[in-house]
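Below is the file query.pdb, which contains PDB, C-alpha atoms, pLDDT in the B column.
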```pdb
ATOM      1  CA  MET A  30     -14.381   8.700  21.368  1.00 65.00           C
ATOM      2  CA  THR A  31     -13.506  12.319  20.629  1.00 64.00           C
ATOM      3  CA  LEU A  32     -14.944  14.360  17.798  1.00 54.00           C
ATOM      4  CA  GLU A  33     -11.600  14.230  15.980  1.00 56.00           C
ATOM      5  CA  GLU A  34     -11.571  10.419  16.163  1.00 53.00           C
ATOM      6  CA  VAL A  35     -15.141  10.209  14.859  1.00 46.00           C
ATOM      7  CA  VAL A  36     -14.338  12.531  11.947  1.00 46.00           C
ATOM      8  CA  ALA A  37     -11.159  10.573  11.185  1.00 48.00           C
ATOM      9  CA  CYS A  38     -13.070   7.263  11.152  1.00 52.00           C
ATOM     10  CA  GLU A  39     -15.763   8.673   8.882  1.00 56.00           C
ATOM     11  CA  SER A  40     -13.125  10.133   6.570  1.00 55.00           C
ATOM     12  CA  ALA A  41     -11.250   6.800   6.404  1.00 56.00           C
ATOM     13  CA  ALA A  42     -14.475   4.899   5.652  1.00 59.00           C
ATOM     14  CA  GLN A  43     -15.354   7.358   2.894  1.00 65.00           C
ATOM     15  CA  LYS A  44     -11.833   7.065   1.423  1.00 65.00           C
ATOM     16  CA  MET A  45     -12.066   3.253   1.467  1.00 68.00           C
ATOM     17  CA  GLN A  46     -15.397   3.356  -0.381  1.00 79.00           C
ATOM     18  CA  THR A  47     -13.945   5.750  -2.973  1.00 86.00           C
ATOM     19  CA  VAL A  48     -10.931   3.482  -3.525  1.00 89.00           C
ATOM     20  CA  SER A  49     -13.142   0.378  -3.653  1.00 91.00           C
ATOM     21  CA  ASP A  50     -15.289   2.035  -6.335  1.00 92.00           C
ATOM     22  CA  ALA A  51     -12.124   3.044  -8.219  1.00 92.00           C
ATOM     23  CA  VAL A  52     -10.869  -0.571  -8.141  1.00 93.00           C
ATOM     24  CA  GLU A  53     -14.182  -1.810  -9.516  1.00 93.00           C
ATOM     25  CA  GLU A  54     -14.164   0.827 -12.262  1.00 93.00           C
ATOM     26  CA  LEU A  55     -10.545   0.024 -13.092  1.00 93.00           C
ATOM     27  CA  LEU A  56     -11.090  -3.734 -13.326  1.00 94.00           C
ATOM     28  CA  VAL A  57     -14.071  -3.416 -15.645  1.00 93.00           C
ATOM     29  CA  ALA A  58     -12.265  -0.900 -17.899  1.00 92.00           C
ATOM     30  CA  ALA A  59      -9.037  -2.927 -17.926  1.00 93.00           C
ATOM     31  CA  GLN A  60     -10.883  -6.100 -18.884  1.00 94.00           C
ATOM     32  CA  ARG A  61     -12.727  -4.295 -21.700  1.00 93.00           C
ATOM     33  CA  GLN A  62      -9.441  -2.965 -23.077  1.00 92.00           C
ATOM     34  CA  ASP A  63      -7.597  -6.281 -22.695  1.00 92.00           C
ATOM     35  CA  ARG A  64      -5.271  -4.839 -20.040  1.00 94.00           C
ATOM     36  CA  LEU A  65      -6.121  -7.380 -17.354  1.00 95.00           C
ATOM     37  CA  THR A  66      -4.282 -10.623 -16.654  1.00 95.00           C
ATOM     38  CA  VAL A  67      -6.168 -13.049 -14.433  1.00 95.00           C
ATOM     39  CA  GLY A  68      -4.712 -15.946 -12.457  1.00 93.00           C
ATOM     40  CA  VAL A  69      -1.606 -16.664 -10.408  1.00 92.00           C
ATOM     41  CA  TYR A  70       0.110 -18.694 -13.125  1.00 92.00           C
ATOM     42  CA  GLU A  71      -0.769 -16.263 -15.944  1.00 94.00           C
ATOM     43  CA  SER A  72       0.359 -13.314 -13.825  1.00 94.00           C
ATOM     44  CA  ALA A  73       3.690 -14.948 -13.015  1.00 92.00           C
ATOM     45  CA  LYS A  74       4.283 -15.601 -16.722  1.00 94.00           C
ATOM     46  CA  LEU A  75       3.529 -11.981 -17.652  1.00 94.00           C
ATOM     47  CA  MET A  76       5.695 -10.547 -14.867  1.00 92.00           C
ATOM     48  CA  ASN A  77       8.557 -12.760 -16.017  1.00 91.00           C
ATOM     49  CA  VAL A  78       8.229 -11.698 -19.674  1.00 93.00           C
ATOM     50  CA  ASP A  79       7.231  -8.013 -19.411  1.00 91.00           C
ATOM     51  CA  PRO A  80       7.325  -6.617 -15.855  1.00 91.00           C
ATOM     52  CA  ASP A  81       7.581  -3.020 -17.103  1.00 91.00           C
ATOM     53  CA  SER A  82       4.038  -3.138 -18.495  1.00 92.00           C
ATOM     54  CA  VAL A  83       2.480  -4.091 -15.135  1.00 94.00           C
ATOM     55  CA  VAL A  84       1.229  -1.121 -13.114  1.00 94.00           C
ATOM     56  CA  LEU A  85      -0.974  -2.773 -10.489  1.00 95.00           C
ATOM     57  CA  CYS A  86      -1.220  -6.170  -8.829  1.00 96.00           C
ATOM     58  CA  LEU A  87      -4.370  -7.197  -6.979  1.00 96.00           C
ATOM     59  CA  LEU A  88      -4.116 -10.168  -4.634  1.00 95.00           C
ATOM     60  CA  ALA A  89      -7.627 -11.412  -3.903  1.00 93.00           C
ATOM     61  CA  LEU A  90      -8.435 -13.596  -0.941  1.00 89.00           C
ATOM     62  CA  ASP A  91     -11.382 -14.061   1.387  1.00 85.00           C
ATOM     63  CA  GLU A  92     -10.994 -14.881   5.074  1.00 84.00           C
ATOM     64  CA  ASP A  93     -11.969 -18.528   4.599  1.00 81.00           C
ATOM     65  CA  GLN A  94      -9.007 -19.001   2.212  1.00 82.00           C
ATOM     66  CA  GLU A  95      -6.302 -17.522   4.438  1.00 84.00           C
ATOM     67  CA  ASP A  96      -5.176 -20.980   5.598  1.00 86.00           C
ATOM     68  CA  ASP A  97      -4.208 -22.031   2.064  1.00 87.00           C
ATOM     69  CA  ILE A  98      -0.424 -22.331   2.471  1.00 92.00           C
ATOM     70  CA  ALA A  99       0.296 -22.806  -1.246  1.00 90.00           C
ATOM     71  CA  LEU A 100      -1.610 -19.622  -2.079  1.00 90.00           C
ATOM     72  CA  GLN A 101       0.214 -17.707   0.664  1.00 91.00           C
ATOM     73  CA  ILE A 102       3.567 -18.833  -0.794  1.00 92.00           C
ATOM     74  CA  HIS A 103       2.498 -17.639  -4.247  1.00 92.00           C
ATOM     75  CA  PHE A 104       1.393 -14.324  -2.771  1.00 93.00           C
ATOM     76  CA  THR A 105       4.711 -13.877  -0.965  1.00 93.00           C
ATOM     77  CA  LEU A 106       6.669 -14.470  -4.170  1.00 93.00           C
ATOM     78  CA  ILE A 107       4.426 -12.160  -6.203  1.00 94.00           C
ATOM     79  CA  GLN A 108       4.687  -9.433  -3.546  1.00 93.00           C
ATOM     80  CA  ALA A 109       8.478  -9.667  -3.541  1.00 93.00           C
ATOM     81  CA  PHE A 110       8.587  -9.421  -7.318  1.00 93.00           C
ATOM     82  CA  CYS A 111       6.223  -6.428  -7.301  1.00 93.00           C
ATOM     83  CA  CYS A 112       8.309  -4.635  -4.663  1.00 91.00           C
ATOM     84  CA  ASP A 113      11.494  -5.253  -6.658  1.00 92.00           C
ATOM     85  CA  ASN A 114       9.859  -3.841  -9.806  1.00 92.00           C
ATOM     86  CA  ASP A 115       7.976  -0.881  -8.245  1.00 91.00           C
ATOM     87  CA  ILE A 116       4.551  -2.339  -9.004  1.00 93.00           C
ATOM     88  CA  ASP A 117       1.682  -1.174  -6.775  1.00 94.00           C
ATOM     89  CA  ILE A 118       0.052  -4.022  -4.827  1.00 95.00           C
ATOM     90  CA  VAL A 119      -3.377  -4.132  -3.192  1.00 95.00           C
ATOM     91  CA  ARG A 120      -4.965  -6.930  -1.180  1.00 94.00           C
ATOM     92  CA  VAL A 121      -8.633  -7.372  -2.073  1.00 94.00           C
ATOM     93  CA  SER A 122     -11.393  -9.250  -0.277  1.00 91.00           C
ATOM     94  CA  GLY A 123     -14.820  -9.941  -1.719  1.00 89.00           C
ATOM     95  CA  MET A 124     -14.288 -12.781  -4.185  1.00 91.00           C
ATOM     96  CA  ARG A 125     -18.000 -12.958  -5.090  1.00 91.00           C
ATOM     97  CA  ARG A 126     -18.060  -9.300  -6.090  1.00 92.00           C
ATOM     98  CA  LEU A 127     -14.814  -9.748  -7.999  1.00 93.00           C
ATOM     99  CA  ALA A 128     -16.265 -12.689  -9.939  1.00 92.00           C
ATOM    100  CA  GLU A 129     -19.391 -10.655 -10.627  1.00 93.00           C
ATOM    101  CA  LEU A 130     -17.368  -7.697 -11.957  1.00 92.00           C
ATOM    102  CA  LEU A 131     -15.373  -9.928 -14.294  1.00 92.00           C
ATOM    103  CA  GLY A 132     -18.411 -11.854 -15.531  1.00 90.00           C
ATOM    104  CA  GLU A 133     -17.337 -15.116 -13.930  1.00 85.00           C
ATOM    105  CA  PRO A 134     -19.864 -17.741 -12.861  1.00 74.00           C
ATOM    106  CA  GLY A 135     -20.832 -17.496  -9.216  1.00 59.00           C
ATOM    107  CA  PRO A 136     -20.423 -20.322  -6.702  1.00 53.00           C
ATOM    108  CA  ALA A 137     -24.074 -21.360  -7.104  1.00 52.00           C
ATOM    109  CA  GLU A 138     -23.684 -21.793 -10.865  1.00 54.00           C
ATOM    110  CA  ASP A 139     -22.363 -25.127 -12.072  1.00 51.00           C
ATOM    111  CA  SER A 140     -19.131 -24.493 -13.948  1.00 54.00           C
ATOM    112  CA  ASP A 141     -15.910 -26.432 -14.299  1.00 56.00           C
ATOM    113  CA  GLU A 142     -14.130 -23.546 -15.988  1.00 62.00           C
ATOM    114  CA  ALA A 143     -14.021 -20.946 -13.231  1.00 68.00           C
ATOM    115  CA  ARG A 144     -10.844 -18.874 -13.548  1.00 79.00           C
ATOM    116  CA  ASP A 145      -8.369 -18.367 -10.738  1.00 88.00           C
ATOM    117  CA  LEU A 146      -9.159 -14.846  -9.512  1.00 92.00           C
ATOM    118  CA  HIS A 147      -6.550 -14.762  -6.743  1.00 93.00           C
ATOM    119  CA  CYS A 148      -4.095 -12.597  -8.692  1.00 95.00           C
ATOM    120  CA  LEU A 149      -4.973  -9.890 -11.200  1.00 96.00           C
ATOM    121  CA  LEU A 150      -2.526  -7.651 -13.036  1.00 96.00           C
ATOM    122  CA  VAL A 151      -3.405  -4.397 -14.707  1.00 95.00           C
ATOM    123  CA  THR A 152      -1.047  -3.537 -17.546  1.00 93.00           C
ATOM    124  CA  ASN A 153      -0.272  -0.213 -19.154  1.00 86.00           C
ATOM    125  CA  PRO A 154       2.416  -0.680 -21.813  1.00 75.00           C
ATOM    126  CA  HIS A 155       4.635   2.316 -22.475  1.00 71.00           C
ATOM    127  CA  THR A 156       4.006   1.950 -26.220  1.00 71.00           C
ATOM    128  CA  ASP A 157       0.263   2.463 -25.742  1.00 71.00           C
ATOM    129  CA  PRO A 158      -0.310   4.450 -22.524  1.00 73.00           C
ATOM    130  CA  TRP A 159      -3.772   4.404 -21.014  1.00 76.00           C
ATOM    131  CA  LYS A 160      -5.326   7.143 -18.919  1.00 80.00           C
ATOM    132  CA  SER A 161      -7.736   5.855 -16.296  1.00 83.00           C
ATOM    133  CA  HIS A 162      -9.237   7.762 -13.380  1.00 85.00           C
ATOM    134  CA  GLY A 163      -9.526   4.502 -11.426  1.00 88.00           C
ATOM    135  CA  LEU A 164      -5.853   3.696 -11.970  1.00 89.00           C
ATOM    136  CA  VAL A 165      -4.800   7.155 -10.781  1.00 90.00           C
ATOM    137  CA  GLU A 166      -7.024   6.862  -7.694  1.00 92.00           C
ATOM    138  CA  VAL A 167      -5.709   3.399  -6.751  1.00 91.00           C
ATOM    139  CA  ALA A 168      -2.071   4.400  -7.376  1.00 90.00           C
ATOM    140  CA  SER A 169      -2.568   7.444  -5.141  1.00 92.00           C
ATOM    141  CA  TYR A 170      -4.048   5.239  -2.416  1.00 92.00           C
ATOM    142  CA  CYS A 171      -1.095   2.834  -2.657  1.00 92.00           C
ATOM    143  CA  GLU A 172       1.384   5.699  -2.363  1.00 93.00           C
ATOM    144  CA  GLU A 173      -0.480   7.160   0.604  1.00 92.00           C
ATOM    145  CA  SER A 174      -0.511   3.728   2.286  1.00 91.00           C
ATOM    146  CA  ARG A 175       3.247   3.310   1.797  1.00 90.00           C
ATOM    147  CA  GLU A 176       3.819   6.720   3.378  1.00 91.00           C
ATOM    148  CA  ASN A 177       1.937   5.381   6.418  1.00 89.00           C
ATOM    149  CA  ASN A 178       4.128   2.221   6.433  1.00 88.00           C
ATOM    150  CA  GLN A 179       1.281   0.035   5.216  1.00 87.00           C
ATOM    151  CA  TRP A 180       2.983  -1.862   2.409  1.00 83.00           C
ATOM    152  CA  LEU A 181       0.017  -4.014   1.445  1.00 88.00           C
ATOM    153  CA  PRO A 182      -3.163  -1.947   1.637  1.00 92.00           C
ATOM    154  CA  ASN A 183      -6.468  -3.807   1.927  1.00 90.00           C
ATOM    155  CA  ILE A 184      -9.633  -3.050   0.029  1.00 91.00           C
ATOM    156  CA  SER A 185     -12.960  -4.786   0.536  1.00 90.00           C
ATOM    157  CA  LEU A 186     -15.290  -5.113  -2.435  1.00 90.00           C
ATOM    158  CA  GLN A 187     -18.879  -4.983  -1.195  1.00 82.00           C
ATOM    159  CA  GLU A 188     -21.565  -7.155  -2.750  1.00 79.00           C
ATOM    160  CA  ARG A 189     -24.431  -5.258  -4.314  1.00 71.00           C
TER     161      ARG A 189
END
```
Exercise: express the given structure as structure tokens:
Amino acid sequence: MTLEEVVACESAAQKMQTVSDAVEELLVAAQRQDRLTVGVYESAKLMNVDPDSVVLCLLALDEDQEDDIALQIHFTLIQAFCCDNDIDIVRVSGMRRLAELLGEPGPAEDSDEARDLHCLLVTNPHTDPWKSHGLVEVASYCEESRENNQWLPNISLQER
């Protein structure tokens, strides 16, 4: 491996950590300000009613769930809708960390009311615009990914 390749790998890893931190910051802030829609069904309803208010779609899935055909079909439809409506999309892994960030019960806790965390929408209505450093950082990452022909960038949330 050349020095340039090592520096590029380190730079990419640092960028991924920065974006991952920005996603975490964004999700917590969006939930506090009631700008977060959680769940595949709830997200589909919102995108059907008010797609202009949606600025970011997070599709969350861990490796052990990749064989779920129904979920993959939902993701394909949501991705197509987001592309048609110029909504940034990010694929997220790390469902435990995601549940932790959103205050959801973990897998060890006994709960029948765990929410579907596979699709999350961040909204920013034009009538009440919201400035968020995390949103700017994630939007920039999505744009940079599209320029590199990566239409569905991946971010891994690390457990802490």
Problem - Distance in Å - CA of Leu88 in chain A versus CA of Leu131 in chain A - result: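 Computed distance, CA of Leu88 in chain A to CA of Leu131 in chain A, equals 14.8 Å.
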Practice task
Could you tell me how far CA of Ser161 in chain A lies from CA of Leu55 in chain A, in Å and to one decimal?
Solution key: 7.2 Å
Problem - the PyMOL selection byres ((chain A and resi 169) around 12) applied to the shown file, residues as a list in words - result: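 In the shown coordinates, the PyMOL selection byres ((chain A and resi 169) around 12) covers Lys44, Thr47, Val48, Ala51, Val52, Leu85, Asp117, Ile118, Val119, His162, Gly163, Leu164, Val165, Glu166, Val167, Ala168, Tyr170, Cys171, Glu172, Glu173, Ser174, Arg175, Glu176 and Pro182 of chain A.
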Problem - Surrounding residues of Gln62 in chain A excluding itself and chain neighbours under 2 positions, 12 Å, all atoms listed in the file, as a ChimeraX atom specification - result: /A:55-60,64-66,151-153,157-161
Practice task
Return the single residue from A:Asn177, A:Thr105, A:Cys148, A:Ser185 that is closest to Leu75 in chain A, with distances computed using all atoms listed in the file.
Solution key: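 Using all atoms listed in the file, the shortest distance to Leu75 in chain A belongs to A:Cys148.
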Using all atoms listed in the file, which protein or nucleic acid residues come within 9 Å of Phe104 in chain A? Drop anything in the same chain fewer than 4 positions from it, and give the result as a short mmCIF file (atom, residue, chain, number, x, y, z; two decimals) with C-alpha atoms, keeping the file's coordinate frame.
```cif
data_model
loop_
_atom_site.label_atom_id
_atom_site.label_comp_id
_atom_site.auth_asym_id
_atom_site.auth_seq_id
_atom_site.Cartn_x
_atom_site.Cartn_y
_atom_site.Cartn_z
CA VAL A 69 -1.61 -16.66 -10.41
CA LEU A 88 -4.12 -10.17 -4.63
CA ALA A 99 0.30 -22.81 -1.25
CA LEU A 100 -1.61 -19.62 -2.08
CA GLN A 108 4.69 -9.43 -3.55
CA ALA A 109 8.48 -9.67 -3.54
CA HIS A 147 -6.55 -14.76 -6.74
CA CYS A 148 -4.10 -12.60 -8.69
#
```
Problem - Given the PyMOL selection byres ((chain A and resi 125) around 9), the residues it picks as a PyMOL selection string - result: chain A and resi 122-124+126-130+135-136+186-188
I need the residues from that last selection saved to file as a compact mmCIF listing (two decimals), keeping the file's coordinate frame (with C-alpha atoms), if you can.
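Written output follows (result-v2.txt):
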```txt
# COMPACT_ATOMS: atom_id res chain seq x y z
CA SER A 122 -11.39 -9.25 -0.28
CA GLY A 123 -14.82 -9.94 -1.72
CA MET A 124 -14.29 -12.78 -4.18
CA ARG A 126 -18.06 -9.30 -6.09
CA LEU A 127 -14.81 -9.75 -8.00
CA ALA A 128 -16.26 -12.69 -9.94
CA GLU A 129 -19.39 -10.66 -10.63
CA LEU A 130 -17.37 -7.70 -11.96
CA GLY A 135 -20.83 -17.50 -9.22
CA PRO A 136 -20.42 -20.32 -6.70
CA LEU A 186 -15.29 -5.11 -2.44
CA GLN A 187 -18.88 -4.98 -1.20
CA GLU A 188 -21.56 -7.16 -2.75
```
To test the calculation: enclose all listed atoms of range 59-76 of chain A in a box whose edges run along x, y and z, add 5 Å on each side, then state centre and edge lengths in Å to one decimal, as AutoDock Vina command-line options.
```
--center_x -3.5 --center_y -10.8 --center_z -16.7 --size_x 28.4 --size_y 25.8 --size_z 22.7
```
Practice task
List the residues selected by the PyMOL selection byres ((chain A and resi 76) around 12) in the file shown, writing them as a ChimeraX atom specification.
Solution key: /A:66,68-75,77-86,106-111,113-116,148-152
Practice task
In Å, rounded to a single decimal, give me how far CA of His103 in chain A is from CA of Asp145 in chain A.
Solution key: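 Taking CA of Asp145 in chain A and CA of His103 in chain A, their separation equals 12.7 Å.
Shortest atom-to-atom contact with Leu181 in chain A among A:Leu87, A:Thr156, A:Ile102, A:Gln94: A:Leu87, counting all atoms listed in the file.
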